[in-house]
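Structure, as structure tokens:
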Amino acid sequence: MRQVLAVVAGAAALIAGSAVPAGARPAPGRGIAWRPCDRTLTARPPLGIGIRAAREDPGGKRAGRALQEECATVQVPLDHSRPDGRQITLAINRIRGTAPRNGEHRGVLLVNPGGPGGSGLELARHVAALLPPEVAARYDVIGFDPRGVGASRPALTCVDARRYFAAPRPDNVPRTAAEEDALVARAKRYAKACGERWGWFLPHLHTENAARDMEVIRAALGEEKISYLGYSYGTYLGAVYATLFPHRVHRLVLDSVVDPGRVWYDSNLDQNHGFDRRHRDFLAWVARYHAEYRLGRTEAAVSRAWYALRDRLRTRPAAGIIGPSELDDIYTAGAYSSRLWPALAGAFSWYVHRGETAGLVRLHRALGKEDEEEENSYAVYLGVECRDAPWPRDWARWHRDTVRSHEDAPFMAWPNTVYNAPCAFWPVPGRTPVRVGTDRLPPVLLIQSEGDPATPYPGALTVRRLFPTARLVVESGGGDHGVSLGGNPCVDDRLAAYLLDGRVPERRSTGHADAVCPAPPAPEPAAAEDGDRRP
């Protein structure tokens with residue numbers, strides 16, 4: 001969801017994607033033509049979209065576990081109101097469970113990493129690798145690239161990524177009316193390019209259709225019911241699917257929960273404050289280790305150093321490519337995952353004290369790729385969110401809300417506005433969102449970090465109320481985005497118990513968490529490569 005849809009994913013290209021071979025269109029009730037994928041995959045800890053970096057397994061039980069992956073395609077209607085009309089193609093994959101197909105097998109577990117615009121193929125590999133073996137054995141983990149994404153066809157791109165996103169980009173925080181006008185003109189050009197290239201597709205690119213695509217996948221798999229694990233935006237997709245098809249849900253896990261009543265303009269305003277708080281957590285952590293980084297003994301002092309760095313990069317981009325907008329990209333990743341804090345702090349310190357750009361450049365390359373894959377993710381992100389719900393069409397409204405937000409949340413307000421600005425000019429209007437909620441579901445498991453900046457905690461409370469069978473597990477004191485399979489044994493035990501036997505905590509009447517897991521400790525500083533942590 002939002003910024004660093006590509007940023008966090010880029011750092012985690014730990015497992016390269018494999019090509020998806022062409023598959024046959026499944027006739028209704030006749031299943032899917034599975035084919036072997038290119039290789040056998042080996043489990044490695046990921047840092048992906050909507051899922052926090054998994055810490056190394058100290059016992060080595062998961063590392064090196066071989067996974068056999070199969071690939072195929074499924075055709076779905078472009079317009080679900082015309083099921084026999086034009087078809088589009090979704091890429092899917094499967095990592096088969098090894099349990100006998102009797103009472104031990106639990107069926108299929110569809111997964112979605114969020115975005116919108118993230119590849120489910122990648123996440124399926126990670127989930128199958130990181131689930132406890134006794135759980136993974138009982139499910140066929142199914143990944144899919146939603147319509148418009150990745151290996152699905154068509155795959156959206158609207159501009160030449162290397163030209164449009166060439167670094168350094170214009171500063172996302174305008175200082176003059178002319179600078180703001182230039183940013184608005186840039187957003188208009190992007191929206192116009194998408195409309196010219198994809199005018200036939202954009203009206204059908206929205207979450208309700210993605211949920212209906214899932215139902216086609218379920219039928220093609222020959223399953224009466226499916227289980228689902230979704231992160232970030234994937235929780236909204238899962239909530240919409242469960243609302244439309246409650247009788248098709250076996251298990252439903254929503255991790256880092258979107259508030260369905262605030263999609264999407266309001267949710268981005270909420271994010272501004274969440275990301276600013278989480279960035280200040282990072283600055284306070286840097287201050288705690290002043291002896292290592294020498295950037296200030298207080299959060300306020302480190303904040304002054306950070307904003308001074310950002311200001312300097314306006315006129316003197318680091319290595320000629322890292323301006324203030326690239327800096328925002330890099331350090332927003334730290335709001336998603338505290339595991340990045342040592343690397344971020346080290347690059348910050350070395351540049352301030354020595355003028356050394358290598359650390360920033362290395363992070364930029366890992367976290368901020370400007371390639372066709374990331375442009376695809378951004379195009380789908382905008383295509384879905386701009387179409388899902390109405391957005392203000394008067395730029396004066398955007399300007400007023402952003403200026404007001406910037407006063408309290410300067411880290412994110414303008415960058416978030418600029419990222420979403422094409423929705424003010426999108427060639428197709430927003431729809432009326434699906435009214436999420438039903439009491440006809442089996443027990444549902446919600447997982448939420450207390451300080452999550454991207455999907456703030458109140459959203460999980462809202463979904464808990466809308467789904468009366470839901471139980472909420474909160475990571476207390478945590479602030480990362482994407483909790484399960486991220487190295488918290490308490491949370492992962494809750495997930496395993498639910499997927500195995502449907503066990504959930506007792507529902508409390510307080511309207512808050514039904515179970516609490518303490519967050520893992522903040523990271524320790526990492527030694528510099530030369531062994532001297534002091535720059």
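Naming scheme: A, B, ... for chains in displayed order of the structure tokens; residues 1 onward per chain; ligands 1 onward as shown.
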Counting only C-alpha atoms, what is within 10 Å of region 495-506 of chain A, bar same-chain residues fewer than 2 positions away, as a PyMOL selection string?
chain A and resi 104-106+109+131-132+134-136+138-139+227-229+250-253+442-447+469-473+484-485+489-493+508-509+513-516
Find, counting only C-alpha atoms, the residue in A:Arg262, A:Arg82, A:His126, A:Arg404 that gets nearest to Val463 (chain A).
A:Arg262
Please extract the residues of region 43-163 of chain A with a backbone DSSP assignment of alpha helix (DSSP H) and present them as a VMD selection string.
chain A and resid 120 to 130 133 to 136 161 to 163
Can you tell me how far CA of Gly511 (chain A) sits from CA of Gly478 (chain A), in Å to one decimal?
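Atom-to-atom, CA of Gly511 (chain A) and CA of Gly478 (chain A) are spaced 19.7 Å apart.
One finds CA of Glu326 (chain A) at 27.4 Å from CA of Arg197 (chain A).
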Which residues of region 364-413 of chain A sit at most 12 Å from region 165-179 of chain A, using only C-alpha atoms? Give each one's shortest atom pair and distance in Å (one decimal place), in chain and ascending residue order, as a Markdown table.
| residue | atom | partner | partner_atom | distance |
| --- | --- | --- | --- | --- |
| A:His364 | CA | A:Ala167 | CA | 10.0 |
| A:Arg365 | CA | A:Ala167 | CA | 11.0 |
| A:Gly368 | CA | A:Ala167 | CA | 9.8 |
| A:Lys369 | CA | A:Phe165 | CA | 9.1 |
| A:Glu370 | CA | A:Phe165 | CA | 6.0 |
| A:Asp371 | CA | A:Phe165 | CA | 8.6 |
| A:Glu372 | CA | A:Phe165 | CA | 10.5 |
| A:Glu374 | CA | A:Phe165 | CA | 10.2 |
| A:Glu375 | CA | A:Phe165 | CA | 8.8 |
| A:Tyr378 | CA | A:Phe165 | CA | 11.3 |
| A:His399 | CA | A:Ala177 | CA | 10.7 |
| A:Thr402 | CA | A:Val173 | CA | 10.3 |
| A:Val403 | CA | A:Val173 | CA | 10.3 |
| A:His406 | CA | A:Val173 | CA | 9.5 |
| A:Pro410 | CA | A:Val173 | CA | 9.0 |
| A:Phe411 | CA | A:Val173 | CA | 9.6 |
| A:Met412 | CA | A:Val173 | CA | 9.4 |
| A:Ala413 | CA | A:Val173 | CA | 8.6 |
Find the spatial neighbours of Gly143 (chain A), counting only C-alpha atoms, within a cut-off of 9 Å - ignore same-chain residues fewer than 5 positions away - and output them as a ChimeraX atom specification.
/A:91-95,109-112,119-125
Compile the contact shell of region 336-348 of chain A as a ChimeraX atom specification: residues with an atom at most 6 Å away, counting only C-alpha atoms, same-chain residues fewer than 3 positions apart removed.
/A:333,351,359-360,480-481,525-526
